[in-house]
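Here is data-v3.txt, consisting of compact mmCIF, C-alpha atoms:
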# COMPACT_ATOMS: atom_id res chain seq x y z
CA MET A 1 71.28 24.69 103.91
CA THR A 2 68.95 26.42 106.37
CA ARG A 3 66.55 29.21 105.47
CA GLU A 4 68.58 31.75 107.44
CA ALA A 5 71.80 30.70 105.77
CA ALA A 6 70.13 31.04 102.37
CA LYS A 7 68.98 34.56 103.28
CA GLN A 8 72.50 35.58 104.21
CA ILE A 9 73.79 34.33 100.88
CA LEU A 10 70.98 35.85 98.82
CA LEU A 11 71.39 39.17 100.53
CA LEU A 12 74.32 39.88 98.23
CA HIS A 13 72.47 38.68 95.15
CA ARG A 14 71.78 41.39 92.60
CA PRO A 15 68.81 40.25 90.52
CA TRP A 16 69.72 42.70 87.74
CA VAL A 17 73.26 41.42 87.33
CA ILE A 18 73.42 38.50 84.98
CA ASP A 19 76.36 36.35 85.90
CA LEU A 20 76.98 32.73 86.69
CA PRO A 21 76.01 32.15 90.35
CA ASP A 22 78.51 30.37 92.55
CA ALA A 23 77.70 27.02 94.16
CA GLU A 24 76.33 28.54 97.39
CA THR A 25 74.06 30.96 95.55
CA THR A 26 72.84 28.18 93.26
CA GLU A 27 71.95 26.08 96.31
CA ALA A 28 70.20 29.03 97.98
CA LEU A 29 68.21 29.77 94.81
CA ALA A 30 67.18 26.12 94.64
CA LEU A 31 65.95 26.35 98.24
CA VAL A 32 63.92 29.42 97.26
CA GLN A 33 62.00 27.23 94.80
CA ARG A 34 61.21 24.65 97.47
CA ASP A 35 60.51 26.90 100.47
CA PRO A 36 57.43 29.17 100.13
CA GLU A 37 58.40 31.33 103.11
CA LEU A 38 61.90 31.85 101.77
CA ARG A 39 60.43 32.57 98.33
CA ALA A 40 58.21 35.31 99.76
CA TRP A 41 61.18 36.85 101.56
CA PHE A 42 63.30 36.63 98.43
CA GLU A 43 60.64 38.26 96.23
CA ALA A 44 60.25 41.11 98.72
CA HIS A 45 63.99 41.41 99.03
CA CYS A 46 64.45 41.59 95.26
CA ALA A 47 61.70 44.20 94.99
CA VAL A 48 63.40 46.34 97.60
CA GLN A 49 66.77 45.87 95.95
CA ILE A 50 65.40 46.99 92.60
CA ALA A 51 63.57 49.93 94.18
CA VAL A 52 66.74 51.07 95.91
CA ARG A 53 68.75 50.65 92.74
CA ASP A 54 66.23 52.62 90.69
CA SER A 55 66.09 55.42 93.25
CA MET A 56 69.83 55.76 93.30
CA ARG A 57 70.16 55.64 89.54
CA ALA A 58 67.41 58.23 89.13
CA GLN A 59 69.67 60.81 90.73
CA LYS A 60 70.82 62.88 87.75
CA SER A 61 73.63 65.34 87.49
CA PRO A 62 72.92 69.03 86.79
CA GLU A 63 72.12 70.06 83.24
CA ALA A 64 75.11 70.48 80.92
CA PHE A 65 77.38 69.05 83.64
CA CYS A 66 79.43 67.14 81.08
CA GLU A 67 80.27 70.31 79.10
CA GLN A 68 80.98 72.13 82.34
CA ILE A 69 83.49 69.48 83.43
CA VAL A 70 85.33 69.64 80.12
CA SER A 71 85.50 73.43 79.96
CA GLU A 72 86.51 73.87 83.62
CA CYS A 73 89.19 71.20 83.40
CA GLN A 74 90.60 72.84 80.27
CA ALA A 75 90.58 76.24 81.97
CA ARG A 76 92.30 74.85 85.06
CA ARG A 77 94.92 73.07 82.99
CA ARG A 78 95.64 76.26 81.03
CA SER A 79 95.93 78.18 84.27
CA ALA A 80 98.18 75.51 85.79
CA SER A 81 100.31 75.57 82.67
CA ARG A 82 100.67 79.36 82.93
CA ARG A 83 101.62 79.02 86.59
CA THR A 84 104.24 76.41 85.67
CA ILE A 85 105.73 78.69 83.03
CA LEU A 86 105.73 81.62 85.45
CA ALA A 87 107.38 79.53 88.15
CA THR A 88 110.01 78.30 85.70
CA VAL A 89 110.78 81.81 84.46
CA THR A 90 110.96 83.07 88.05
CA ALA A 91 113.31 80.24 89.00
CA ILE A 92 115.57 80.97 86.02
CA LEU A 93 115.63 84.67 86.85
CA LEU A 94 116.49 83.95 90.47
CA ILE A 95 119.31 81.65 89.39
CA LEU A 96 120.64 84.30 87.01
CA VAL A 97 120.44 87.02 89.65
CA GLY A 98 122.16 84.73 92.16
CA LEU A 99 124.88 83.91 89.65
CA GLN A 100 125.39 87.56 88.83
CA ALA A 101 125.56 88.44 92.53
CA TRP A 102 128.07 85.68 93.12
CA MET A 103 130.22 86.91 90.26
CA LEU A 104 130.02 90.50 91.49
CA PHE A 105 130.32 90.06 95.21
CA GLY A 106 131.34 86.47 95.74
CA PRO A 107 134.73 85.37 97.00
CA ASP A 108 137.63 85.19 94.65
CA HIS A 109 138.12 81.88 92.97
CA GLY A 110 140.04 79.76 95.43
CA ASP A 111 141.68 77.73 92.73
CA GLU A 112 142.99 80.77 90.83
CA GLU A 113 146.77 80.98 90.67
CA ILE A 114 148.40 83.90 92.42
CA ASN A 115 150.69 85.41 89.82
CA TYR A 116 150.72 88.35 87.51
CA ALA A 117 149.30 86.45 84.52
CA ALA A 118 146.27 85.39 86.58
CA TYR A 119 145.83 88.93 87.85
CA GLU A 120 145.94 90.31 84.32
CA ARG A 121 143.41 87.77 83.07
CA ARG A 122 141.08 88.51 85.94
CA MET A 123 141.28 92.28 85.57
CA GLY A 124 140.74 91.92 81.85
CA ARG A 125 137.61 89.83 82.46
CA ASP A 126 136.31 92.30 85.01
CA ALA A 127 136.85 95.23 82.67
CA LEU A 128 134.81 93.46 79.99
CA ARG A 129 132.16 91.77 82.07
CA LEU A 130 131.75 93.41 85.43
CA TYR A 131 132.19 96.95 84.51
CA ARG A 132 130.83 99.11 87.28
CA MET A 133 132.10 101.98 89.37
CA ASP A 134 131.86 102.79 93.07
CA LEU A 135 132.29 106.48 92.36
CA GLU A 136 131.33 108.29 89.17
CA THR A 137 133.15 111.57 88.74
CA ASP A 138 135.55 113.30 86.39
CA ASP A 139 137.49 114.76 89.31
CA LEU A 140 140.80 112.91 89.51
CA GLU A 141 141.53 114.23 93.00
CA ALA A 142 138.16 113.06 94.24
CA ILE A 143 138.96 109.65 92.80
CA ARG A 144 142.32 109.53 94.55
CA THR A 145 140.75 110.57 97.84
CA TYR A 146 138.00 107.98 97.50
CA LEU A 147 140.46 105.16 96.79
CA ALA A 148 142.69 106.17 99.68
CA GLY A 149 139.68 106.06 101.96
CA ARG A 150 139.04 102.49 100.85
CA GLN A 151 142.63 101.38 101.53
CA SER A 152 143.05 100.88 97.79
CA PRO A 153 146.24 102.01 95.99
CA ALA A 154 145.96 105.80 95.71
CA ASP A 155 149.52 107.09 95.46
CA TYR A 156 149.71 106.15 91.79
CA GLN A 157 151.34 108.25 89.09
CA LEU A 158 149.20 108.86 86.04
CA PRO A 159 151.01 109.24 82.71
CA ALA A 160 150.78 112.77 81.39
CA THR A 161 148.43 111.93 78.51
CA LEU A 162 146.05 110.05 80.74
CA ARG A 163 145.75 113.09 82.97
CA THR A 164 144.37 115.02 79.98
CA LEU A 165 141.60 112.47 79.37
CA LYS A 166 138.22 112.77 80.96
CA ALA A 167 137.94 110.51 83.98
CA THR A 168 134.57 108.88 84.56
CA GLY A 169 135.01 107.23 87.96
CA CYS A 170 136.70 104.50 89.93
CA LEU A 171 136.31 101.21 91.75
CA ALA A 172 138.12 99.98 94.85
CA THR A 173 138.26 96.23 94.40
CA LYS A 174 140.32 93.25 95.51
CA TRP A 175 142.01 90.35 93.83
CA GLN A 176 142.86 87.36 96.04
CA GLY A 177 142.54 89.67 99.00
CA ARG A 178 144.92 92.21 97.50
CA PRO A 179 143.63 95.77 97.02
CA VAL A 180 143.34 96.94 93.42
CA SER A 181 142.28 100.36 92.20
CA MET A 182 140.49 100.76 88.89
CA ILE A 183 140.28 104.24 87.36
CA CYS A 184 138.08 104.70 84.33
CA PHE A 185 138.48 107.14 81.45
CA ARG A 186 136.77 108.11 78.29
CA THR A 187 138.94 108.48 75.16
CA GLY A 188 136.36 110.27 73.07
CA GLN A 189 135.87 107.36 70.71
CA PRO A 190 132.29 106.15 70.10
CA LEU A 191 131.15 103.96 72.99
CA PRO A 192 129.08 100.78 72.93
CA PRO A 193 125.53 101.23 74.25
CA GLY A 194 125.35 101.37 78.05
CA ARG A 195 129.02 102.21 78.49
CA SER A 196 130.47 105.46 79.77
CA SER A 197 134.17 104.48 79.73
CA ASP A 198 136.50 102.77 77.29
CA LEU A 199 139.85 102.94 79.04
CA PHE A 200 140.58 101.23 82.35
CA LEU A 201 143.64 101.61 84.51
CA PHE A 202 144.28 98.98 87.19
CA VAL A 203 146.79 99.68 89.91
CA ILE A 204 148.17 97.20 92.43
CA ASN A 205 151.10 97.46 94.82
CA ARG A 206 154.17 95.80 93.40
CA ASP A 207 154.93 93.90 96.63
CA GLN A 208 151.63 92.09 96.17
CA LEU A 209 152.76 90.62 92.84
CA PRO A 210 156.52 90.07 92.83
CA ASP A 211 156.42 88.41 89.39
CA GLY A 212 154.77 91.43 87.78
CA PRO A 213 156.42 93.41 84.98
CA ALA A 214 159.56 95.26 86.00
CA GLU A 215 159.78 97.50 82.95
CA LYS A 216 159.15 101.17 83.43
CA SER A 217 158.12 101.50 79.79
CA PRO A 218 154.84 99.92 78.72
CA THR A 219 154.78 96.55 77.01
CA TYR A 220 151.72 95.70 74.98
CA GLY A 221 149.59 92.62 74.65
CA LYS A 222 146.02 91.30 74.45
CA ILE A 223 143.57 89.69 76.84
CA ASN A 224 140.69 88.32 74.82
CA ARG A 225 139.44 91.35 72.86
CA LEU A 226 141.12 93.86 75.15
CA ALA A 227 144.36 95.53 74.25
CA VAL A 228 146.54 95.97 77.33
CA ALA A 229 149.66 97.83 78.32
CA ARG A 230 151.53 97.05 81.53
CA TRP A 231 154.45 98.74 83.28
CA SER A 232 155.81 99.26 86.75
CA THR A 233 156.99 102.35 88.54
CA GLY A 234 157.07 103.79 92.05
CA GLY A 235 156.25 100.46 93.74
CA LYS A 236 153.09 100.06 91.67
CA ILE A 237 152.12 97.82 88.79
CA TYR A 238 149.93 99.48 86.17
CA LEU A 239 147.66 97.74 83.73
CA LEU A 240 145.87 99.82 81.13
CA ALA A 241 143.14 98.11 79.12
CA SER A 242 140.95 99.21 76.24
CA GLU A 243 138.64 97.70 73.68
CA GLN A 244 139.70 100.38 71.21
CA GLY A 245 142.95 98.57 70.35
CA GLU A 246 146.66 98.97 70.92
CA GLU A 247 146.89 102.16 68.85
CA GLU A 248 144.51 103.88 71.21
CA LEU A 249 146.61 102.76 74.16
CA ARG A 250 149.78 104.06 72.55
CA ARG A 251 148.11 107.39 71.89
CA ASN A 252 147.32 107.76 75.58
CA LEU A 253 150.67 106.73 77.03
CA MET B 1 95.99 59.83 78.83
CA ALA B 2 95.44 56.08 78.51
CA HIS B 3 95.89 54.80 74.97
CA GLY B 4 93.18 55.81 72.52
CA LEU B 5 91.04 57.66 75.07
CA ASP B 6 90.53 61.34 74.69
CA PHE B 7 89.46 63.44 77.65
CA GLU B 8 86.03 64.39 76.32
CA SER B 9 85.00 60.82 75.56
CA VAL B 10 86.03 59.65 79.04
CA VAL B 11 84.04 62.47 80.62
CA ALA B 12 81.00 61.75 78.44
CA ARG B 13 81.10 58.08 79.36
CA TYR B 14 81.65 58.28 83.10
CA TYR B 15 80.45 61.64 84.42
CA GLU B 16 76.95 60.43 85.27
CA PRO B 17 77.86 57.27 87.24
CA LEU B 18 80.66 59.17 88.98
CA TYR B 19 78.27 61.93 89.93
CA GLN B 20 75.79 59.39 91.26
CA PHE B 21 78.53 57.73 93.29
CA ALA B 22 79.70 61.10 94.61
CA PHE B 23 76.15 62.08 95.51
CA SER B 24 75.56 58.83 97.35
CA LEU B 25 78.71 59.53 99.40
CA SER B 26 78.19 63.20 100.12
CA HIS B 27 74.42 63.63 99.82
CA SER B 28 75.04 67.08 98.47
CA GLU B 29 74.69 68.16 94.86
CA ALA B 30 77.42 70.79 95.17
CA ASP B 31 79.85 68.37 96.82
CA ALA B 32 79.04 65.71 94.26
CA CYS B 33 79.77 68.15 91.43
CA ASP B 34 83.05 69.19 93.05
CA LEU B 35 84.14 65.61 93.62
CA THR B 36 83.31 64.64 90.05
CA GLN B 37 85.01 67.71 88.65
CA GLU B 38 88.13 67.13 90.72
CA THR B 39 88.25 63.48 89.70
CA PHE B 40 88.28 64.40 86.02
CA TYR B 41 90.88 67.08 86.63
CA VAL B 42 93.12 64.46 88.22
CA TRP B 43 92.40 62.21 85.26
CA GLY B 44 93.36 65.03 82.90
CA THR B 45 96.71 65.52 84.61
CA LYS B 46 97.60 61.94 85.56
CA GLY B 47 95.45 59.71 83.37
CA HIS B 48 98.29 59.25 80.89
CA GLN B 49 100.04 57.11 83.51
CA LEU B 50 97.34 54.46 83.18
CA ARG B 51 98.47 51.83 80.69
CA ASP B 52 95.36 49.66 80.57
CA ASP B 53 92.22 51.21 79.05
CA SER B 54 90.02 48.60 80.73
CA LYS B 55 91.02 50.00 84.14
CA VAL B 56 89.73 53.53 83.46
CA LYS B 57 86.45 53.06 85.27
CA THR B 58 88.07 51.52 88.35
CA TRP B 59 90.72 54.26 88.31
CA LEU B 60 88.10 57.01 88.22
CA PHE B 61 85.98 55.54 91.00
CA THR B 62 89.04 54.90 93.15
CA THR B 63 90.19 58.48 92.62
CA LEU B 64 86.78 59.90 93.46
CA HIS B 65 86.59 57.81 96.62
CA ARG B 66 90.04 59.04 97.67
CA GLN B 67 89.00 62.62 96.98
CA PHE B 68 85.96 62.10 99.16
CA LEU B 69 88.03 60.66 102.00
CA GLN B 70 90.49 63.52 101.71
CA SER B 71 87.72 66.10 101.65
CA ARG B 72 86.33 64.59 104.82
CA ARG B 73 89.81 64.24 106.32
CA ARG B 74 88.92 60.68 107.02
CA PHE B 75 92.16 58.85 106.42
CA THR B 76 91.54 56.54 109.31
CA ARG B 77 90.43 53.28 107.86
CA PHE B 78 87.39 51.55 109.18
CA PRO B 79 88.12 48.19 110.74
CA HIS B 80 87.90 45.31 108.30
CA GLU B 81 85.37 42.61 108.99
CA GLU B 82 85.11 39.32 107.22
CA LEU B 83 81.72 38.23 106.03
CA ASP B 84 81.77 35.12 108.19
CA ALA B 85 81.88 37.30 111.28
CA VAL B 86 78.76 39.19 110.27
CA GLN B 87 75.40 37.99 111.34
CA THR B 88 73.02 40.44 109.78
CA GLU B 89 69.67 40.62 111.46
CA LEU B 90 67.33 41.05 108.57
CA PRO B 91 63.97 42.67 108.91
CA ALA B 92 61.33 41.07 106.75
CA ILE B 93 59.76 43.51 104.35
CA MET B 94 56.40 42.60 102.98
CA PRO B 95 56.20 42.61 99.17
CA ALA B 96 53.44 45.23 99.30
CA VAL B 97 55.78 47.57 101.17
CA ALA B 98 58.51 46.99 98.65
CA ARG B 99 56.18 47.94 95.83
CA GLN B 100 55.17 51.16 97.59
CA LEU B 101 58.72 52.42 98.12
CA ASP B 102 59.34 55.74 96.42
CA GLY B 103 62.64 57.28 95.41
CA LYS B 104 62.53 60.07 97.95
CA GLN B 105 61.95 57.62 100.78
CA VAL B 106 64.82 55.42 99.65
CA LEU B 107 67.23 58.37 99.28
CA HIS B 108 66.22 59.62 102.71
CA ALA B 109 66.96 56.22 104.19
CA LEU B 110 70.27 56.01 102.36
CA GLN B 111 71.37 59.27 103.94
CA LYS B 112 70.92 57.69 107.34
CA VAL B 113 72.99 54.61 106.59
CA ASP B 114 76.32 54.64 108.43
CA GLU B 115 79.01 56.31 106.34
CA VAL B 116 81.20 53.22 106.38
CA TYR B 117 78.56 51.32 104.38
CA ARG B 118 77.67 54.07 101.89
CA ALA B 119 80.46 53.64 99.38
CA PRO B 120 80.15 49.84 99.07
CA LEU B 121 76.37 50.13 98.86
CA ALA B 122 76.57 52.82 96.21
CA LEU B 123 78.86 50.73 94.05
CA PHE B 124 76.66 47.68 94.68
CA TYR B 125 73.50 49.41 93.50
CA LEU B 126 74.71 52.04 91.04
CA GLU B 127 77.13 50.02 89.01
CA ASP B 128 77.12 46.39 88.12
CA THR B 129 80.64 46.36 89.48
CA PRO B 130 82.02 42.94 90.47
CA TYR B 131 82.95 42.58 94.13
CA LYS B 132 86.62 42.30 93.29
CA ASP B 133 86.48 45.67 91.52
CA ILE B 134 84.62 47.25 94.43
CA ALA B 135 87.43 45.96 96.64
CA VAL B 136 90.00 47.61 94.33
CA ILE B 137 88.10 50.91 94.25
CA LEU B 138 87.66 51.10 98.01
CA GLU B 139 91.10 49.61 98.66
CA ILE B 140 89.80 47.05 101.15
CA PRO B 141 89.68 43.21 101.07
CA MET B 142 86.81 41.54 99.22
CA GLY B 143 85.55 39.90 102.43
CA THR B 144 85.23 43.33 103.98
CA VAL B 145 83.38 44.59 100.91
CA LYS B 146 80.82 41.79 101.23
CA SER B 147 80.40 42.25 104.97
CA ARG B 148 79.87 46.00 104.59
CA ILE B 149 77.35 45.52 101.80
CA ALA B 150 75.48 42.90 103.84
CA ARG B 151 75.43 45.12 106.92
CA GLY B 152 74.52 48.15 104.83
CA ILE B 153 71.59 46.35 103.21
CA GLY B 154 70.42 45.20 106.61
CA GLN B 155 70.61 48.72 107.99
CA LEU B 156 68.92 50.18 104.94
CA GLN B 157 66.04 47.71 105.12
CA ARG B 158 65.55 48.46 108.79
CA LEU B 159 65.43 52.17 108.03
CA LEU B 160 62.92 51.59 105.25
CA THR B 161 60.62 49.54 107.44
CA GLU B 162 60.93 51.97 110.35
CA SER B 163 59.97 54.81 108.08
CA ARG B 164 56.67 53.03 107.38
CA PRO B 165 55.23 52.16 110.80
CA GLU B 166 52.01 50.87 109.31
CA SER B 167 53.94 48.10 107.56
CA LYS B 168 55.45 46.37 110.56
CA MET B 169 58.16 43.84 110.19
CA GLY B 170 57.15 40.28 110.34
CA GLY B 171 57.71 36.96 108.75
CA GLU B 172 54.52 37.00 106.75
CA SER B 173 54.50 35.65 103.25
CA SER B 174 52.49 37.04 100.44
Please go through the file and, once you have read it, give me the structure as structure tokens.
Amino acid sequence: MTREAAKQILLLHRPWVIDLPDAETTEALALVQRDPELRAWFEAHCAVQIAVRDSMRAQKSPEAFCEQIVSECQARRRSASRRTILATVTAILLILVGLQAWMLFGPDHGDEEINYAAYERRMGRDALRLYRMDLETDDLEAIRTYLAGRQSPADYQLPATLRTLKATGCLATKWQGRPVSMICFRTGQPLPPGRSSDLFLFVINRDQLPDGPAEKSPTYGKINRLAVARWSTGGKIYLLASEQGEEELRRNL
Amino acid sequence: MAHGLDFESVVARYYEPLYQFAFSLSHSEADACDLTQETFYVWGTKGHQLRDDSKVKTWLFTTLHRQFLQSRRRFTRFPHEELDAVQTELPAIMPAVARQLDGKQVLHALQKVDEVYRAPLALFYLEDTPYKDIAVILEIPMGTVKSRIARGIGQLQRLLTESRPESKMGGESS
């Protein structure tokens, strides 16, 4: 091994690291013992190496840096955790709002059957779940005019008792593309919080639902917790629904 | 968090060497603090993925080095060089010069060393890290680690001798 080769090998030697030298380093170290010039270089080299090491290791971090790291990391993690919760809540709210909007304004269910039973179920659900009105008024003529303007059934005939009840408003809606009018009333019974109506009359043209009831006198039934009465007259099918029970319906027909 | 290691004990054990490594890379106290802080934050959020406790130190140094590269937007890797291809021209430093070196002078010289050599040199001097671990931390082959350290030492020694014109290079023995 030449002196220059030994220098190249010993360049990577760390005098402060105690480990078993490999064969090349062992040979170079042996040459150091025999070659005074190489020994002088090696001693100087080791001195420089140690001086550099000591200088680098003398560089200390700021005071209380350890405590600072711990507290800042904890604060950041708390903040990140709050952001995650906020993002999750926001995402859930957006999903709920989207779902609600879809239920309110989305297309009718494509897989829903087109028959009177399906219509009745859907109107019953809407009365319970999606209760809202386009127009809020107790003026029955205003309601009729509004519905006519929306191409919704407006030439309906209200039973005499219903005409004595206080109307609260109406909604021009559609079921499977077929116009449906909903007229809302208040019976005078105590109302659940947030409600202004407890009696709902749905009107659809008979030619839109040929399998609808043919009876001119009401027949009674239930859709979930709603009591319903249905009848047909003057080319219209009527569906009256109430949460107050069948007795209440009978009183108003 | 890796098994049996709580966050505080990992910070207490490694913050100083990590800071020194960060300082040797950035040469700025503020940047070194930020790099160290960020490294422990990453450890706090992802450290649990590490299965082997013995790899914590390597993991931390690797993460800090990556943070540094990202902060410098230096994703471009330096070309790898095998040690055999390196012929380092070594200046001869007289032992008397070596004894007179002070910390400020050394740190000043280190700042002038090419950036590509700083990280391997820092790990070489600061930590008694085996070459294979330095290779893991810097994500380069071991041959490249050795060549960069050899070149870095050569450059550093030249800078140290140049900074002391009265102690000219030469092949003199003591």
Open item on the list: Can you pull out the residues contacting stretch 237-245 of chain A? Cut-off 9 Å, using only C-alpha atoms, and skip same-chain residues under 6 positions away; I want them as number ranges by chain.
Closed with: A: 120, 123-124, 127-128, 156, 189, 198-206, 209, 212-214, 218, 222-223, 225-231
Restricting the output to C-alpha atoms, write the selected residues as a tab-separated table (two decimals), in the coordinates of the input.
chain	number	residue	atom	x	y	z
A	120	GLU	CA	145.94	90.31	84.32
A	123	MET	CA	141.28	92.28	85.57
A	124	GLY	CA	140.74	91.92	81.85
A	127	ALA	CA	136.85	95.23	82.67
A	128	LEU	CA	134.81	93.46	79.99
A	156	TYR	CA	149.71	106.15	91.79
A	189	GLN	CA	135.87	107.36	70.71
A	198	ASP	CA	136.50	102.77	77.29
A	199	LEU	CA	139.85	102.94	79.04
A	200	PHE	CA	140.58	101.23	82.35
A	201	LEU	CA	143.64	101.61	84.51
A	202	PHE	CA	144.28	98.98	87.19
A	203	VAL	CA	146.79	99.68	89.91
A	204	ILE	CA	148.17	97.20	92.43
A	205	ASN	CA	151.10	97.46	94.82
A	206	ARG	CA	154.17	95.80	93.40
A	209	LEU	CA	152.76	90.62	92.84
A	212	GLY	CA	154.77	91.43	87.78
A	213	PRO	CA	156.42	93.41	84.98
A	214	ALA	CA	159.56	95.26	86.00
A	218	PRO	CA	154.84	99.92	78.72
A	222	LYS	CA	146.02	91.30	74.45
A	223	ILE	CA	143.57	89.69	76.84
A	225	ARG	CA	139.44	91.35	72.86
A	226	LEU	CA	141.12	93.86	75.15
A	227	ALA	CA	144.36	95.53	74.25
A	228	VAL	CA	146.54	95.97	77.33
A	229	ALA	CA	149.66	97.83	78.32
A	230	ARG	CA	151.53	97.05	81.53
A	231	TRP	CA	154.45	98.74	83.28
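Neighbouring residues of A:Ile18 at 12 Å or closer, counting all atoms listed in the file and skipping chain neighbours under 2 positions away, are His13, Arg14, Pro15, Trp16, Leu20 and Pro21 of chain A; Asp128, Thr129 and Pro130 of chain B.
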- [ ] Tell me the residues of chain A close to chain B, meaning within 9 Å using only C-alpha atoms, as a PyMOL selection string.
- [x] chain A and resi 7-8+11-12+14+16-17+36-41+43-62+65-70+72-74+76-77
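The spacing separating atom CA of B:Lys57 from atom CA of B:Gln111 amounts to 24.8 Å.
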Open item on the list: What's the separation between atom CA of A:Ala117 and atom CA of A:Glu136, in Å to one decimal place?
Closed with: 28.7 Å
Open item on the list: If we count only C-alpha atoms and set the cut-off at 8 Å, which residues sit around B:Ile137, ignoring sequence neighbours fewer than 6 positions away in its own chain? Please answer as a VMD selection string.
Closed with: chain B and resid 58 to 59 61 to 62 65
Task: Contacts of A:Ala154 within 12 Å, all atoms listed in the file, excl. fewer than 6 positions in-chain, as number ranges by chain - done: A: 140-148, 170-172, 179-183, 202-205, 234-236
Selection export as a tab-separated table (two decimals), in the frame of the given file, atoms kept: C-alpha atoms:
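Saved to again_39.tsv:
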chain	number	residue	atom	x	y	z
A	140	LEU	CA	140.80	112.91	89.51
A	141	GLU	CA	141.53	114.23	93.00
A	142	ALA	CA	138.16	113.06	94.24
A	143	ILE	CA	138.96	109.65	92.80
A	144	ARG	CA	142.32	109.53	94.55
A	145	THR	CA	140.75	110.57	97.84
A	146	TYR	CA	138.00	107.98	97.50
A	147	LEU	CA	140.46	105.16	96.79
A	148	ALA	CA	142.69	106.17	99.68
A	170	CYS	CA	136.70	104.50	89.93
A	171	LEU	CA	136.31	101.21	91.75
A	172	ALA	CA	138.12	99.98	94.85
A	179	PRO	CA	143.63	95.77	97.02
A	180	VAL	CA	143.34	96.94	93.42
A	181	SER	CA	142.28	100.36	92.20
A	182	MET	CA	140.49	100.76	88.89
A	183	ILE	CA	140.28	104.24	87.36
A	202	PHE	CA	144.28	98.98	87.19
A	203	VAL	CA	146.79	99.68	89.91
A	204	ILE	CA	148.17	97.20	92.43
A	205	ASN	CA	151.10	97.46	94.82
A	234	GLY	CA	157.07	103.79	92.05
A	235	GLY	CA	156.25	100.46	93.74
A	236	LYS	CA	153.09	100.06	91.67
- [ ] Would you work out the distance separating atom CA of B:Leu64 from atom CA of A:Glu63, expressed in Å to one decimal?
- [x]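 Computed distance, atom CA of B:Leu64 to atom CA of A:Glu63, equals 20.6 Å.
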Task: Minimum-distance residue to A:Leu135, chosen among A:Ala101, A:Cys184, A:Ala87, A:Leu249 (using all atoms listed in the file) - done: A:Cys184
Write out N, CA, C and O atoms for stretch 67-77 of chain A, as a PDB file, keeping the file's coordinate frame.
ATOM      1  N   GLU A  67      79.574  69.195  79.772  1.00  0.00           N
ATOM      2  CA  GLU A  67      80.270  70.310  79.100  1.00  0.00           C
ATOM      3  C   GLU A  67      81.012  71.171  80.131  1.00  0.00           C
ATOM      4  O   GLU A  67      82.119  71.650  79.882  1.00  0.00           O
ATOM      5  N   GLN A  68      80.369  71.325  81.290  1.00  0.00           N
ATOM      6  CA  GLN A  68      80.980  72.130  82.340  1.00  0.00           C
ATOM      7  C   GLN A  68      82.293  71.507  82.814  1.00  0.00           C
ATOM      8  O   GLN A  68      83.299  72.195  83.023  1.00  0.00           O
ATOM      9  N   ILE A  69      82.270  70.182  82.985  1.00  0.00           N
ATOM     10  CA  ILE A  69      83.490  69.480  83.430  1.00  0.00           C
ATOM     11  C   ILE A  69      84.616  69.717  82.437  1.00  0.00           C
ATOM     12  O   ILE A  69      85.737  70.094  82.800  1.00  0.00           O
ATOM     13  N   VAL A  70      84.296  69.522  81.150  1.00  0.00           N
ATOM     14  CA  VAL A  70      85.330  69.640  80.120  1.00  0.00           C
ATOM     15  C   VAL A  70      85.896  71.058  80.091  1.00  0.00           C
ATOM     16  O   VAL A  70      87.119  71.246  80.118  1.00  0.00           O
ATOM     17  N   SER A  71      85.005  72.056  80.086  1.00  0.00           N
ATOM     18  CA  SER A  71      85.500  73.430  79.960  1.00  0.00           C
ATOM     19  C   SER A  71      86.282  73.859  81.218  1.00  0.00           C
ATOM     20  O   SER A  71      87.324  74.500  81.121  1.00  0.00           O
ATOM     21  N   GLU A  72      85.799  73.468  82.396  1.00  0.00           N
ATOM     22  CA  GLU A  72      86.510  73.870  83.620  1.00  0.00           C
ATOM     23  C   GLU A  72      87.864  73.184  83.740  1.00  0.00           C
ATOM     24  O   GLU A  72      88.838  73.790  84.185  1.00  0.00           O
ATOM     25  N   CYS A  73      87.902  71.917  83.344  1.00  0.00           N
ATOM     26  CA  CYS A  73      89.190  71.200  83.400  1.00  0.00           C
ATOM     27  C   CYS A  73      90.183  71.837  82.440  1.00  0.00           C
ATOM     28  O   CYS A  73      91.359  72.009  82.772  1.00  0.00           O
ATOM     29  N   GLN A  74      89.695  72.203  81.240  1.00  0.00           N
ATOM     30  CA  GLN A  74      90.600  72.840  80.270  1.00  0.00           C
ATOM     31  C   GLN A  74      91.103  74.175  80.823  1.00  0.00           C
ATOM     32  O   GLN A  74      92.287  74.488  80.704  1.00  0.00           O
ATOM     33  N   ALA A  75      90.188  74.938  81.418  1.00  0.00           N
ATOM     34  CA  ALA A  75      90.580  76.240  81.970  1.00  0.00           C
ATOM     35  C   ALA A  75      91.605  76.061  83.087  1.00  0.00           C
ATOM     36  O   ALA A  75      92.602  76.782  83.165  1.00  0.00           O
ATOM     37  N   ARG A  76      91.376  75.079  83.944  1.00  0.00           N
ATOM     38  CA  ARG A  76      92.300  74.850  85.060  1.00  0.00           C
ATOM     39  C   ARG A  76      93.660  74.403  84.566  1.00  0.00           C
ATOM     40  O   ARG A  76      94.692  74.778  85.114  1.00  0.00           O
ATOM     41  N   ARG A  77      93.642  73.571  83.511  1.00  0.00           N
ATOM     42  CA  ARG A  77      94.920  73.070  82.990  1.00  0.00           C
ATOM     43  C   ARG A  77      95.698  74.205  82.328  1.00  0.00           C
ATOM     44  O   ARG A  77      96.919  74.269  82.435  1.00  0.00           O
TER      45      ARG A  77
END
